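Data from coords30.tsv: TSV, C-alpha atoms
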```
chain	number	residue	atom	x	y	z
H	1	MET	CA	-24.21	-39.79	5.90
H	2	SER	CA	-20.70	-38.28	5.67
H	3	GLN	CA	-19.89	-34.97	7.31
H	4	VAL	CA	-19.61	-32.07	4.89
H	5	GLU	CA	-17.43	-29.10	5.77
H	6	MET	CA	-16.59	-25.93	3.95
H	7	GLU	CA	-13.53	-23.80	4.54
H	8	ILE	CA	-13.81	-20.18	3.43
H	9	VAL	CA	-10.73	-17.94	3.27
H	10	ILE	CA	-11.32	-14.22	2.68
H	11	SER	CA	-8.07	-12.53	1.67
H	12	ARG	CA	-7.08	-9.00	2.71
H	13	THR	CA	-8.29	-7.80	-0.71
H	14	GLY	CA	-11.65	-9.54	-0.37
H	15	GLN	CA	-10.94	-12.45	-2.73
H	16	VAL	CA	-12.66	-15.58	-1.47
H	17	THR	CA	-11.42	-19.17	-1.71
H	18	VAL	CA	-13.90	-21.93	-0.86
H	19	GLU	CA	-12.88	-25.55	-0.22
H	20	ILE	CA	-15.55	-28.22	0.14
H	21	GLN	CA	-14.73	-31.41	2.01
H	22	GLY	CA	-16.82	-34.55	2.38
H	23	ALA	CA	-19.26	-33.99	-0.49
H	24	LYS	CA	-18.88	-35.66	-3.85
H	25	GLY	CA	-20.12	-34.84	-7.31
H	26	PRO	CA	-22.65	-32.10	-8.03
H	27	ARG	CA	-23.71	-32.00	-4.37
H	28	CYS	CA	-20.29	-30.54	-3.60
H	29	LEU	CA	-20.71	-27.69	-6.07
H	30	LYS	CA	-24.16	-26.91	-4.69
H	31	TYR	CA	-22.44	-25.54	-1.57
H	32	ALA	CA	-19.86	-23.60	-3.57
H	33	GLU	CA	-22.71	-22.10	-5.59
H	34	LEU	CA	-24.33	-20.86	-2.40
H	35	VAL	CA	-21.19	-18.88	-1.55
H	36	ARG	CA	-20.78	-17.65	-5.13
H	37	GLU	CA	-24.28	-16.17	-5.06
H	38	LEU	CA	-23.35	-14.22	-1.94
H	39	VAL	CA	-19.85	-13.14	-2.95
H	40	GLY	CA	-19.69	-12.41	-6.66
H	41	ARG	CA	-18.03	-13.87	-9.72
H	42	GLU	CA	-16.32	-17.25	-10.06
H	43	GLN	CA	-12.72	-16.78	-11.10
H	44	GLN	CA	-11.34	-20.30	-10.89
H	45	ARG	CA	-12.56	-23.81	-10.11
H	46	GLN	CA	-10.56	-26.95	-9.36
H	47	LEU	CA	-12.20	-30.34	-8.94
H	48	THR	CA	-10.24	-33.04	-7.17
H	49	ARG	CA	-10.42	-36.85	-7.32
H	50	GLU	CA	-12.91	-36.90	-4.43
H	51	TYR	CA	-15.35	-34.94	-6.59
H	52	TYR	CA	-15.49	-37.78	-9.14
H	53	GLU	CA	-15.89	-40.58	-6.58
H	54	PRO	CA	-19.39	-42.08	-6.35
H	55	ASP	CA	-21.64	-40.26	-3.94
H	56	THR	CA	-22.60	-42.93	-1.42
H	57	ASP	CA	-25.41	-40.74	-0.11
H	58	VAL	CA	-27.27	-41.04	-3.41
H	59	ARG	CA	-30.22	-43.49	-3.19
H	60	ILE	CA	-31.11	-45.47	-6.29
H	61	ASP	CA	-34.62	-47.01	-6.41
H	62	THR	CA	-35.03	-50.02	-8.71
H	63	GLU	CA	-38.17	-51.82	-9.73
H	64	VAL	CA	-38.33	-55.37	-11.13
H	65	ARG	CA	-41.20	-56.20	-13.47
H	66	ASP	CA	-42.11	-59.52	-15.04
H	67	GLN	CA	-42.64	-60.17	-18.76
H	68	HIS	CA	-46.19	-58.80	-18.56
H	69	GLY	CA	-44.99	-55.56	-17.08
H	70	GLN	CA	-46.43	-56.40	-13.69
W	71	MET	CA	-11.34	-31.99	-0.38
W	72	SER	CA	-13.45	-32.34	-3.49
W	73	ALA	CA	-13.50	-28.84	-4.97
W	74	VAL	CA	-11.76	-25.49	-4.63
W	75	VAL	CA	-13.50	-22.42	-6.01
W	76	VAL	CA	-11.96	-18.93	-6.13
W	77	LEU	CA	-14.37	-15.98	-6.21
W	78	THR	CA	-13.94	-12.29	-6.99
W	79	PRO	CA	-16.17	-10.15	-4.76
W	80	ILE	CA	-18.84	-7.82	-6.08
W	81	VAL	CA	-20.08	-5.43	-3.41
W	82	ILE	CA	-23.60	-4.09	-3.76
W	83	ALA	CA	-24.39	-2.54	-0.41
W	84	THR	CA	-26.55	-0.05	1.38
W	85	TRP	CA	-24.72	2.71	3.21
W	86	PRO	CA	-25.46	1.18	6.66
W	87	ALA	CA	-24.06	-2.21	5.55
W	88	LEU	CA	-20.97	-0.55	4.11
W	89	SER	CA	-20.57	1.58	7.25
W	90	ALA	CA	-20.54	-1.58	9.36
W	91	ALA	CA	-17.83	-3.02	7.12
W	92	VAL	CA	-15.77	0.19	7.37
W	93	ALA	CA	-16.06	0.12	11.17
W	94	GLY	CA	-14.91	-3.53	11.22
W	95	ALA	CA	-12.02	-2.82	8.88
W	96	ALA	CA	-11.00	0.20	10.97
W	97	ALA	CA	-10.95	-1.90	14.13
W	98	SER	CA	-8.81	-4.62	12.54
W	99	MET	CA	-6.34	-2.02	11.23
W	100	HIS	CA	-6.28	0.03	14.48
W	101	LEU	CA	-7.67	3.09	12.70
W	102	ALA	CA	-9.56	5.68	14.75
W	103	VAL	CA	-13.01	6.67	13.53
W	104	ARG	CA	-13.46	10.43	13.64
W	105	ALA	CA	-16.81	11.37	15.14
W	106	GLU	CA	-17.85	14.15	12.78
W	107	ASN	CA	-18.32	13.99	9.03
W	108	LEU	CA	-16.17	16.21	6.86
W	109	HIS	CA	-18.17	18.46	4.58
W	110	GLU	CA	-15.10	19.98	2.96
W	111	ARG	CA	-11.73	18.35	2.60
W	112	GLU	CA	-8.95	20.05	4.44
W	113	GLU	CA	-6.19	21.36	2.21
W	114	THR	CA	-3.28	18.96	2.43
W	115	PRO	CA	-0.14	18.74	0.30
W	116	GLU	CA	-0.73	15.11	-0.68
W	117	GLN	CA	-4.06	13.51	-1.45
W	118	VAL	CA	-4.91	10.26	-3.27
W	119	GLU	CA	-8.31	8.77	-4.09
W	120	VAL	CA	-8.90	5.13	-5.08
W	121	ASN	CA	-12.09	3.38	-6.12
W	122	VAL	CA	-12.98	0.24	-4.24
W	123	ALA	CA	-13.20	-2.40	-6.99
W	124	GLU	CA	-16.63	-3.55	-8.17
W	125	THR	CA	-18.75	-1.71	-5.63
W	126	GLU	CA	-22.11	-0.06	-5.82
W	127	ILE	CA	-23.70	1.72	-2.91
W	128	VAL	CA	-27.46	1.61	-3.23
W	129	GLY	CA	-30.35	3.22	-1.39
W	130	ALA	CA	-31.78	6.69	-1.50
W	131	ALA	CA	-30.96	7.54	2.11
W	132	LEU	CA	-27.33	8.40	1.44
W	133	ALA	CA	-26.46	12.08	1.12
W	134	ARG	CA	-23.90	12.70	-1.59
W	135	ASP	CA	-21.32	14.18	0.83
W	136	GLN	CA	-21.79	11.57	3.56
W	137	LYS	CA	-18.46	10.04	4.55
W	138	ILE	CA	-16.76	8.05	7.24
W	139	VAL	CA	-13.47	9.56	8.34
W	140	LEU	CA	-10.65	7.40	9.71
W	141	GLU	CA	-7.25	8.43	11.05
W	142	ARG	CA	-3.91	6.88	11.92
W	143	ASP	CA	-0.38	8.22	12.19
W	144	GLY	CA	-1.22	11.56	10.59
W	145	VAL	CA	-3.09	10.02	7.65
W	146	THR	CA	-6.76	10.89	7.16
W	147	LEU	CA	-8.90	8.45	5.19
W	148	GLU	CA	-12.36	9.38	3.94
W	149	VAL	CA	-14.59	6.53	2.83
W	150	GLY	CA	-17.53	7.68	0.75
W	151	ARG	CA	-19.12	7.27	-2.64
W	152	ASP	CA	-18.63	9.04	-5.92
W	153	GLU	CA	-21.34	10.39	-8.23
W	154	ARG	CA	-21.61	7.00	-9.97
W	155	GLY	CA	-22.33	5.16	-6.72
W	156	ARG	CA	-18.92	3.54	-6.38
W	157	CYS	CA	-17.23	3.39	-2.99
W	158	THR	CA	-14.09	5.54	-2.77
W	159	VAL	CA	-11.26	5.87	-0.28
W	160	CYS	CA	-9.43	9.18	-0.18
W	161	ALA	CA	-6.13	9.30	1.77
W	162	SER	CA	-4.50	12.60	2.69
W	163	SER	CA	-1.56	13.61	4.82
W	164	HIS	CA	1.07	16.25	5.40
W	165	GLY	CA	3.94	13.82	5.79
W	166	HIS	CA	3.46	11.00	3.29
W	167	SER	CA	4.22	10.66	-0.40
W	168	LYS	CA	1.50	9.99	-3.00
W	169	ARG	CA	2.78	6.43	-3.40
W	170	GLU	CA	2.55	5.79	0.35
W	171	LEU	CA	-0.95	7.24	0.49
W	172	GLU	CA	-2.05	5.15	-2.47
W	173	ALA	CA	-0.80	1.98	-0.74
W	174	ILE	CA	-2.66	2.90	2.46
W	175	ALA	CA	-5.87	3.69	0.56
W	176	GLU	CA	-5.64	0.40	-1.37
W	177	GLU	CA	-5.09	-1.52	1.87
W	178	VAL	CA	-8.13	0.08	3.51
W	179	SER	CA	-10.17	-0.51	0.36
W	180	GLY	CA	-9.34	-4.23	0.42
W	181	ARG	CA	-10.10	-4.55	4.12
W	182	VAL	CA	-13.49	-2.88	3.71
W	183	VAL	CA	-14.38	-5.44	1.02
W	184	GLN	CA	-13.02	-8.27	3.21
W	185	GLN	CA	-15.13	-7.15	6.16
W	186	PHE	CA	-18.23	-6.63	4.02
W	187	ILE	CA	-17.96	-10.15	2.57
W	188	TYR	CA	-17.30	-11.60	6.03
W	189	ASN	CA	-20.38	-9.89	7.50
W	190	LYS	CA	-22.56	-11.01	4.60
W	191	LEU	CA	-21.38	-14.63	4.71
W	192	MET	CA	-21.74	-14.94	8.48
W	193	THR	CA	-25.26	-13.51	8.41
W	194	GLU	CA	-26.29	-15.87	5.64
W	195	LEU	CA	-24.65	-18.97	7.14
W	196	LYS	CA	-26.33	-18.34	10.50
W	197	SER	CA	-29.71	-17.79	8.84
W	198	ARG	CA	-29.35	-21.24	7.24
W	199	ASP	CA	-28.38	-22.81	10.59
W	200	TYR	CA	-24.95	-23.86	9.34
W	201	GLU	CA	-22.52	-24.26	12.21
W	202	VAL	CA	-19.35	-22.15	12.19
W	203	VAL	CA	-16.92	-24.51	13.91
W	204	ASP	CA	-13.78	-22.38	13.74
W	205	GLN	CA	-12.55	-19.00	12.56
W	206	GLU	CA	-9.28	-17.13	12.79
W	207	ARG	CA	-7.28	-14.27	11.32
W	208	LEU	CA	-4.20	-15.64	9.57
W	209	ALA	CA	-0.71	-14.13	9.52
W	210	ASP	CA	-1.31	-12.59	6.07
W	211	GLU	CA	-4.48	-10.88	7.43
W	212	SER	CA	-6.78	-13.30	5.62
W	213	VAL	CA	-9.79	-14.55	7.57
W	214	ARG	CA	-10.46	-18.29	7.62
W	215	VAL	CA	-13.91	-19.63	8.52
W	216	SER	CA	-14.73	-23.34	8.83
W	217	VAL	CA	-18.38	-24.29	8.46
W	218	ARG	CA	-20.11	-27.62	9.08
W	219	LEU	CA	-22.84	-28.05	6.51
W	220	GLN	CA	-24.41	-31.37	7.60
```
What's the structure tokens form of this structure?
Amino acid sequence: MSQVEMEIVISRTGQVTVEIQGAKGPRCLKYAELVRELVGREQQRQLTREYYEPDTDVRIDTEVRDQHGQ
Amino acid sequence: MSAVVVLTPIVIATWPALSAAVAGAAASMHLAVRAENLHEREETPEQVEVNVAETEIVGAALARDQKIVLERDGVTLEVGRDERGRCTVCASSHGHSKRELEAIAEEVSGRVVQQFIYNKLMTELKSRDYEVVDQERLADESVRVSVRLQ
């Protein structure tokens, strides 16, 4: 599993910028949402190419059935 | 990096939580905390009051005239709350213009919010067992915190 890190910068006026590294897709925004709940209102969001890359930590279960559904 | 999110703070705090933030802000700005509370403002030629943006001080324990008084270089700053529950910073001095006092009050106001958000985030991150791997105060007085999530 890849290492996920978050960098939080709190400006001298209290504005907060959160950068998520190492998490892809919706999992990434789950961490940003945690900080948003604590801080206040989302003002701006920028998703980078890494966000849209497939999340290799996602497990997909498949099941093969024969013609009789067994 | 996969996402960057910018957040505007909303401060809903009890008086003790806000007091802790004021004390932290005062320390970072080298402001002295005056021991006694002021019940009446001293008469000074210049006085400016600013509201700390998007704040609400909650809890019944706070007396209406309760304040924290800070001082530096002849400027007195009173941090308190107005009748609507908003946090206020009042700057007064004998030797500064209104514009200078307003800038000082705005600076203190921002630092109180910064410290409040920092305290809240650190408490919450520790309670979730996230590891703070690095933190520093930057040249522009921002605070940077790096957290390992997994």
(message) Could you tell me which residues of chain H sit within 7 Å of chain W when counting all atoms listed in the file, and give me the result as a ChimeraX atom specification?
(response) /H:3-24,32,36,38-51
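With distances restricted to only C-alpha atoms, W:Val103 is the closest residue to Val139 in chain W from W:Ala87, W:Met192, W:Val103, W:Leu171.
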(request) Enter the distance from CA of Val118 in chain W to CA of Arg154 in chain W, in Å, rounded to one decimal. (result) 18.3 Å
(message) When you look at range 167-169 of chain W with a cut-off of 8 Å (counting all atoms listed in the file), what residues show up, excluding the ones that are within fewer than 4 positions of it in the same chain? I need them as an MDAnalysis selection string.
(response) chainID W and resid 116:118 173
(message) Under the rule that only C-alpha atoms are counted, which of W:Arg198, W:Lys137, W:His166, W:Arg142 is the nearest residue to Leu88 in chain W?
(response) W:Lys137
Is it possible to get the axis-aligned box enclosing range 179-183 of chain W (all listed atoms, 4 Å extra per side) as JSON, with centre and edge lengths in Å rounded to one decimal?
```
{"center_x": -11.9, "center_y": -3.0, "center_z": 2.2, "size_x": 13.0, "size_y": 12.9, "size_z": 11.8}
```
(message) Just the number, please: distance in Å from CA of Gly155 in chain W to CA of Glu172 in chain W, one decimal.
(response) 20.7 Å
(message) Between CA of Gln136 in chain W and CA of Ser89 in chain W, what is the distance in Å, rounded to a tenth?
(response)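 That distance, rounded to one decimal, is 10.7 Å.
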Exercise: Gly144 in chain W partners within 9 Å, all atoms listed in the file, chain neighbours under 3 positions left out, as a compact mmCIF listing (two decimals) with C-alpha atoms, in the frame of the given file:
```
# COMPACT_ATOMS: atom_id res chain seq x y z
CA GLU W 141 -7.25 8.43 11.05
CA SER W 162 -4.50 12.60 2.69
CA SER W 163 -1.56 13.61 4.82
CA HIS W 164 1.07 16.25 5.40
CA GLY W 165 3.94 13.82 5.79
CA HIS W 166 3.46 11.00 3.29
```
